[in-house]
Amino acid sequence: MSSTLAPRLSSTAKRSDDHAGRSRALFTRLLAVVLVMQIVPSLASSDAQILTLNLACIYAISAIGLNVVFGMGGLLSIAQAAIMAVGGYALILLFGPTFSLVPALLVACVAGAAVSMLMGIVAARVKTHYFILVSLALAEIIVLIATNATGLTGGANGTAIKAAPAIAGLNLTVPTDFFRFATVLLVVVWYLADALRASRIGLGMTTMTVDEHLATAAGVPVQRYRILATMIGGAFAGLAGAMLGLLDGYLGPQNFELDTAILILLIVVVAGRARSGSVVLAALILTILSRGLLTLQSVGELAYGVSLILLIIFAPEGLGGISQSVRKTAGRLWSATLTQVTARR
Amino acid sequence: MTTLFETLLSAIAAGAVYGLLGVGFSLTYKTTGIINFAHGNFAILGAFVAYALIDMGTPLVIAMLGGIAAAGIAAGVMERAILRPLYGRPLIAGILVTVGVAVVIESSTQLIAGSVPRTLPSLASTDAWQIGSLSFSPSQLTILLVALAVSVAIVLYVSRTRTGRAMRGCAQDSEAVSLLGVSPQRLYFAAFVLAGLLAGIAGVLIAPSIGLVPSRGLSLTVLAFAAAVLGGLGSLPGAVLGGIVIAVLQNLAAVYVTTDYAAAVGYLAIILVLLVRVRGLLGDELETLRQV
Amino acid sequence: MSIQRATVVGGLAALAGAVAFAGCGGSDNKTSGSSSDPIKVAIVQPYTGDSAYYGEQADQAFALAMKHSGSKIGSRPIKLIKGDSKCQPAVAVQATNQLLTEKPAAVLTSACSGDTLAIKPLLSARKIPVCSINFASEITGGKDGDYMWRAEPSGAIINAQLAKHIAAEGVRRIAVIHDTSSYGQDNTKTLVKALKDNGVDVTTVASYGFTDTDYSGQILKAKKANVDAIHVEGYDLQIGHLIKQIRQLGLKLPIYATADAGNNTAKEAGGEAMEDVVFATSWLPNWIPAATKFTDAWKKEYNTTPALVMSNFYDCASVLISALKAAGPDASSDELNEALKATNLPDMPSGTVAFDQQHERANPPVMLGTYRNGKPVLTKVLSGSK
């Protein structure tokens, strides 16, 4: 039984033909997204909804990171939430007393990349399911340290942010301001991830996940790319964790346990091994399903589980597959209409 | 010295159950290639059904058998209703749909049973026996013996019977298996039902020590996963060994080093073992060639 | 891809959208609105997860309190809005942020200490008065403590009395086993200090995780240290199993425990092992006539024997209702806070409820219970009068 989701090699070949053009198209698309996102806050009818959207942005960033680690690096990791913890605690401990906001965010990214890189190094020897266990072990160790190093992290109690988070005139404790901040970061991460995917390195990585031996034979430096994938994925996770600290003004080890890691993994799989757009949409749907149901308690959880099962059974290639099909169908309809119109003349 | 023996004894008693969890987990993987995230939840489900039966007046052992059967049935239902539509699809879908099943089992158990935690009575007395200055309870001994006996039985089943042997190779090559005259579909079903029964047994063994809490499923699945992978995924004796090794390491660390990070010591040891012996303790050569 | 699949996914996305926006139909009411607008009281408790029973019990206690003390302030009905904290501080923060958008007048905070500590600054920034039943030390006081009121004795107060008793019993060396929850970590700090102050040597401190499946490592560490007694802390389910395993491993020495050991869940979990276990608590079902009255009322309403937490929740609910009444339907938050300060409720199941200068429970009840013939009974009242 094959265990891979085979990427469509033919389409990646087409992409590299028109690399510059594609990059420009991506850029304009994302710019449009940023502008649209400025309007959303006024559409929402309560702060509570914006808070959920903010959380969805954070999980989307982390999921895009995991998409790099898994979708491009080929490493199935359940440690993404724990790497978020590394970035999150880095920010909470350093922002205020040691660094201002932007440097603290950068440190969070670097810390996340560094810890995640450890997994990339281990992946040279340890493969697939054994690798999952290693990522699990790393995740549990990180959470244990966060819970027990009471002097440093506040222990199970968690720890509060030490300074008022503000940037570029935005007060991040206000949900709508945080939303603007979060969407900008989300779009940056989105662009970086998709640009990577479309680049030569990205092509090499994708080949690597299909067939490692073939890739090595073709000259792809497999181990180096793996480490790169874990570093980038880790940096994004560190950023997401830091943003969580800014959003809540508070972090505890419970933010980063296996439940969260599985949620992020689900987002990536529901999206399919696709571009970041699908990941963002999947993050939105799954965050709302799993969190927005705070008021419905156990019934809400049941609905979440059932939705998950249905989603996976009926959308096997995830949202990426759906969007591909939608585009194909739309394209066919469009050319059919064109033929009709021109024929009539 | 006494402390050392007691530490090891208690660890082996606990580890035998982890190993049993790992055996069921490994069996599923061996036959279908699926990592069953709901494995621990089946264990909890079995314990809950046993409790419900006891509440209705059923004698203890019958109630436990009932719970075990319920776990097996639930696993079979999952295979038929939810995994069937996913055959032929990428494996990752099958694996992640079990996460959905885990959530469904946990939340429905919570809804039905309510939030007050219950306790399952143990099979044997929990009073301590004294052998010199060593203490051990009949309950611990019973758990150890039952877990080991069941594990040995499954190992024999898989290596001696035709169906069992077919299960062994199924994940690797389902075509060859059908040449043996056994349908792969039937095997998947049998494997899941069997794994469900094993989970149910582990559940009724461990529940008297930890109580009946619906949300405990994930931690049991993690134990099962760790035991199975440490022992070499697909190796049933390996899973038993893996479970015991994890329990012994954690207990030794707790008693002689630090309780705060005892679990971390266990995990670090797992990483080291895997770095040195890539296929786990007893994994076979095929595992070393595993690709993504 | 088939139309059927697209429909299912589209349907799920729509469901997600509907759920996301459905719950937010209400507008943000101001607390002092028209004369029949409801007064919102927020309850932040674990409603799902391992400690979900706290949420259920808080709801029950508040309903009973409203039955006894009324549910209207003037012409304005009390409306309870709830947030699920899952007994996780960071989740409590998120839940509270969501509740704050509805502008509650007062809060009954989570039974989990970590949750309360996490949301304390949030609520204090909005000047919303809070009633707490938590044990942890830093619940009251500090720069965010002006609006926090603790209706029950803190862990530090209870442990001070317990440590004195333990020393008086002749214990020289003791082992402390605790969990890694915020309650556990804080309780250990205050207990160890109190024990040392009373000349008892704490030779071993061992921790266990909330979801651990086996405690033999921690127990054997204590056994190795050759102590005279063991103190265990935990939530009711874990404490019962921990005590059971202590006896299972052959330890016959005296066991002291935190209040949860008196709960029904602990009793069932520990079984025969609970015999002679001494626990320190601030309430028992029949310790004073008012407690018996409350116990009977609870049994009649909810068909179970109430435990410490339920009486505590009832105290806080009654305190909030009486303060709201005293301040009046159009009170500002500072006026409500003043009313809380002046609380004086006699005949509550825990005695007379009032607050001292530090916003702590005045005249705190502390007592010892033990198990005789499988039932928890009162053995000694250490402080607090009728």
# chains A, B, ... in the order shown; residues from 1 in each chain; ligands from 1

$ select_by_dssp --residues "stretch 265-343 of chain C" --states "strand (DSSP E or B)" --output "ChimeraX atom specification"
/C:278-281

$ select_by_dssp --residues "stretch 91-250 of chain B" --states "alpha helix (DSSP H)" --output "ChimeraX atom specification"
/B:91-113,138-160,162-170,174-179,184-210,217-230,236-250

$ closest_atom_pairs --of "chain C" --to "chain B" --cutoff "7 Å" --atoms "only C-alpha atoms" --output "CSV"
residue,atom,partner,partner_atom,distance
C:Gly49,CA,B:Ser215,CA,6.4
C:Asp50,CA,B:Ser215,CA,6.5
C:Ala52,CA,B:Ser115,CA,5.5
C:Tyr53,CA,B:Ser115,CA,4.9
C:Ala206,CA,B:Thr259,CA,5.6
C:Ser207,CA,B:Thr259,CA,5.6
C:Tyr208,CA,B:Thr259,CA,6.9
C:Thr213,CA,B:Ile210,CA,5.8
C:Asp214,CA,B:Ala14,CA,6.9
C:Ser216,CA,B:Ser10,CA,6.3
C:Gly217,CA,B:Asn251,CA,4.6
C:Gln218,CA,B:Ala254,CA,6.2
C:Leu220,CA,B:Val255,CA,6.3
C:Lys221,CA,B:Val255,CA,4.6
C:Lys224,CA,B:Thr3,CA,6.4
C:Leu237,CA,B:Gly211,CA,6.8
C:His241,CA,B:Ser209,CA,6.0
C:Arg247,CA,B:Asp127,CA,6.7
C:Gln248,CA,B:Ala128,CA,4.8
C:Leu249,CA,B:Ser135,CA,5.3
C:Gly250,CA,B:Ala128,CA,5.2
C:Thr265,CA,B:Pro117,CA,6.7
C:Glu268,CA,B:Thr119,CA,6.4
C:Ala269,CA,B:Thr119,CA,5.4

$ write_last_selection --atoms "C-alpha atoms" --output "mmCIF file, in the first residue's frame"
data_model
loop_
_atom_site.group_PDB
_atom_site.id
_atom_site.type_symbol
_atom_site.label_atom_id
_atom_site.label_comp_id
_atom_site.auth_asym_id
_atom_site.auth_seq_id
_atom_site.Cartn_x
_atom_site.Cartn_y
_atom_site.Cartn_z
ATOM 1 C CA GLY C 49 -12.770 17.914 29.904
ATOM 2 C CA ASP C 50 -11.654 16.115 33.024
ATOM 3 C CA ALA C 52 -16.412 19.104 33.741
ATOM 4 C CA TYR C 53 -18.319 18.237 36.917
ATOM 5 C CA ALA C 206 7.176 13.703 44.509
ATOM 6 C CA SER C 207 4.911 14.901 41.706
ATOM 7 C CA TYR C 208 2.584 13.026 39.382
ATOM 8 C CA THR C 213 -1.817 5.786 34.796
ATOM 9 C CA ASP C 214 0.450 4.501 37.536
ATOM 10 C CA SER C 216 4.173 3.337 41.915
ATOM 11 C CA GLY C 217 7.272 5.403 41.105
ATOM 12 C CA GLN C 218 6.194 8.290 43.341
ATOM 13 C CA LEU C 220 8.148 3.892 46.197
ATOM 14 C CA LYS C 221 10.254 7.021 46.345
ATOM 15 C CA LYS C 224 12.456 4.445 50.265
ATOM 16 C CA LEU C 237 -10.494 10.750 41.313
ATOM 17 C CA HIS C 241 -6.582 5.890 43.295
ATOM 18 C CA ARG C 247 -1.945 0.660 50.553
ATOM 19 C CA GLN C 248 -1.426 -1.757 47.690
ATOM 20 C CA LEU C 249 2.299 -1.269 47.958
ATOM 21 C CA GLY C 250 2.275 -2.252 51.596
ATOM 22 C CA THR C 265 -15.727 10.158 43.908
ATOM 23 C CA GLU C 268 -15.508 5.173 45.577
ATOM 24 C CA ALA C 269 -12.118 5.284 43.938
#

$ residues_around --residues "stretch 361-364 of chain C" --least-positions-apart "3" --cutoff "9 Å" --atoms "only C-alpha atoms" --output "list of chain:residue names"
C:Trp149, C:Arg150, C:Ala151, C:Glu152, C:Pro153, C:Ser154, C:Ile157, C:Ile158, C:Ser282, C:Ser350, C:Gly351, C:Thr352, C:Val353, C:Ala354, C:Phe355, C:Asp356, C:Gln357, C:Gln358, C:Ser383, C:Gly384, C:Ser385

$ residues_around --residues "stretch 25-36 of chain B" --least-positions-apart "2" --cutoff "6 Å" --atoms "only C-alpha atoms" --output "list in words"
Gly22, Val23, Ala38, His39, Ile95, Thr98, Met167, Arg168, Cys170, Ala171, Ala191, Ala228, Leu233 and Gly234 of chain B

$ interface_residues --of "chain A" --to "chain C" --cutoff "6 Å" --atoms "only C-alpha atoms" --output "list in words"
Ala48, Ala156, Asn157, Leu251, Gly252, Leu289, Gly292 and Phe314 of chain A

$ closest_residue --among "B:Ile73, B:Val222, B:Ile54, B:Leu274" --to "A:Leu258" --atoms "only C-alpha atoms"
B:Val222

$ interface_residues --of "chain A" --to "chain B" --cutoff "8 Å" --atoms "only C-alpha atoms" --output "PyMOL selection string"
chain A and resi 1-5+74-75+122+125-130+133-134+137-138+140-141+144-145+148+209+212+266+269+298-299+301-309+312-313+316

$ residues_around --residues "stretch 36-43 of chain A" --least-positions-apart "3" --cutoff "12 Å" --atoms "only C-alpha atoms" --output "list in words"
Arg29, Leu30, Leu31, Ala32, Val33, Ser46, Asp47, Ala48, Gln49, Ile50, Leu51, Thr52, Leu53, Asn54, Cys57, Val174, Pro175, Thr176, Asp177, Phe178, Phe179, Arg180, Phe181, Ala182, Thr183, Val184, Leu186 and Val187 of chain A; Phe21 of chain C

$ residues_around --residues "A:Met84" --least-positions-apart "3" --cutoff "7 Å" --atoms "only C-alpha atoms" --output "VMD selection string"
chain A and resid 80 to 81 87 to 88 112 237 to 238 240 to 241

$ closest_residue --among "B:Ala224, B:Ala113, B:Ala239, B:Leu205" --to "B:Phe37" --atoms "only C-alpha atoms"
B:Ala224

$ atom_distance --atom1 "atom CA of B:Gly66" --atom2 "atom CA of B:Leu53"
7.6 Å

$ atom_distance --atom1 "atom CA of C:Pro365" --atom2 "atom CA of C:Val232"
21.1 Å

$ atom_distance --atom1 "atom CA of B:Pro237" --atom2 "atom CA of B:Gly200"
19.1 Å

$ decode --residues "stretch 356-375 of chain C" --atoms "N, CA, C and O atoms" --output "tab-separated table (two decimals), in the first residue's frame"
chain	number	residue	atom	x	y	z
C	356	ASP	N	-12.71	39.82	55.33
C	356	ASP	CA	-11.84	40.66	56.16
C	356	ASP	C	-11.14	41.71	55.28
C	356	ASP	O	-11.45	41.83	54.09
C	357	GLN	N	-10.18	42.43	55.89
C	357	GLN	CA	-9.51	43.51	55.15
C	357	GLN	C	-8.78	43.04	53.92
C	357	GLN	O	-8.62	43.78	52.95
C	358	GLN	N	-8.31	41.78	53.94
C	358	GLN	CA	-7.55	41.27	52.79
C	358	GLN	C	-8.45	40.62	51.75
C	358	GLN	O	-7.96	39.91	50.88
C	359	HIS	N	-9.75	40.84	51.85
C	359	HIS	CA	-10.72	40.25	50.93
C	359	HIS	C	-10.81	38.74	51.10
C	359	HIS	O	-11.37	38.06	50.25
C	360	GLU	N	-10.27	38.23	52.21
C	360	GLU	CA	-10.36	36.80	52.49
C	360	GLU	C	-11.58	36.54	53.36
C	360	GLU	O	-12.14	37.45	53.96
C	361	ARG	N	-11.93	35.26	53.48
C	361	ARG	CA	-13.06	34.87	54.31
C	361	ARG	C	-12.74	35.17	55.77
C	361	ARG	O	-11.70	34.75	56.27
C	362	ALA	N	-13.62	35.91	56.42
C	362	ALA	CA	-13.41	36.20	57.83
C	362	ALA	C	-13.80	34.98	58.65
C	362	ALA	O	-14.75	34.28	58.31
C	363	ASN	N	-13.10	34.75	59.75
C	363	ASN	CA	-13.41	33.62	60.62
C	363	ASN	C	-13.49	32.31	59.82
C	363	ASN	O	-14.53	31.65	59.79
C	364	PRO	N	-12.41	31.93	59.13
C	364	PRO	CA	-12.48	30.82	58.20
C	364	PRO	C	-12.70	29.49	58.90
C	364	PRO	O	-12.05	29.20	59.89
C	365	PRO	N	-13.64	28.68	58.41
C	365	PRO	CA	-13.84	27.35	58.98
C	365	PRO	C	-12.78	26.38	58.48
C	365	PRO	O	-12.56	26.28	57.28
C	366	VAL	N	-12.09	25.70	59.41
C	366	VAL	CA	-11.14	24.66	59.02
C	366	VAL	C	-11.41	23.46	59.92
C	366	VAL	O	-11.51	23.59	61.12
C	367	MET	N	-11.54	22.29	59.30
C	367	MET	CA	-11.82	21.10	60.10
C	367	MET	C	-11.15	19.87	59.53
C	367	MET	O	-10.68	19.89	58.39
C	368	LEU	N	-11.08	18.83	60.38
C	368	LEU	CA	-10.50	17.57	59.93
C	368	LEU	C	-11.60	16.54	59.82
C	368	LEU	O	-12.48	16.46	60.66
C	369	GLY	N	-11.52	15.74	58.75
C	369	GLY	CA	-12.45	14.64	58.61
C	369	GLY	C	-11.65	13.37	58.47
C	369	GLY	O	-10.45	13.39	58.16
C	370	THR	N	-12.29	12.23	58.72
C	370	THR	CA	-11.62	10.97	58.48
C	370	THR	C	-12.65	9.94	58.06
C	370	THR	O	-13.84	10.18	58.16
C	371	TYR	N	-12.19	8.80	57.59
C	371	TYR	CA	-13.11	7.77	57.16
C	371	TYR	C	-13.25	6.72	58.25
C	371	TYR	O	-12.26	6.14	58.70
C	372	ARG	N	-14.49	6.52	58.73
C	372	ARG	CA	-14.77	5.45	59.70
C	372	ARG	C	-15.81	4.55	59.06
C	372	ARG	O	-16.89	5.01	58.69
C	373	ASN	N	-15.46	3.28	58.93
C	373	ASN	CA	-16.40	2.33	58.32
C	373	ASN	C	-16.87	2.80	56.96
C	373	ASN	O	-18.05	2.69	56.62
C	374	GLY	N	-15.95	3.32	56.17
C	374	GLY	CA	-16.28	3.66	54.80
C	374	GLY	C	-16.99	4.98	54.62
C	374	GLY	O	-17.38	5.31	53.51
C	375	LYS	N	-17.18	5.74	55.71
C	375	LYS	CA	-17.88	7.02	55.54
C	375	LYS	C	-17.02	8.15	56.10
C	375	LYS	O	-16.40	8.02	57.14
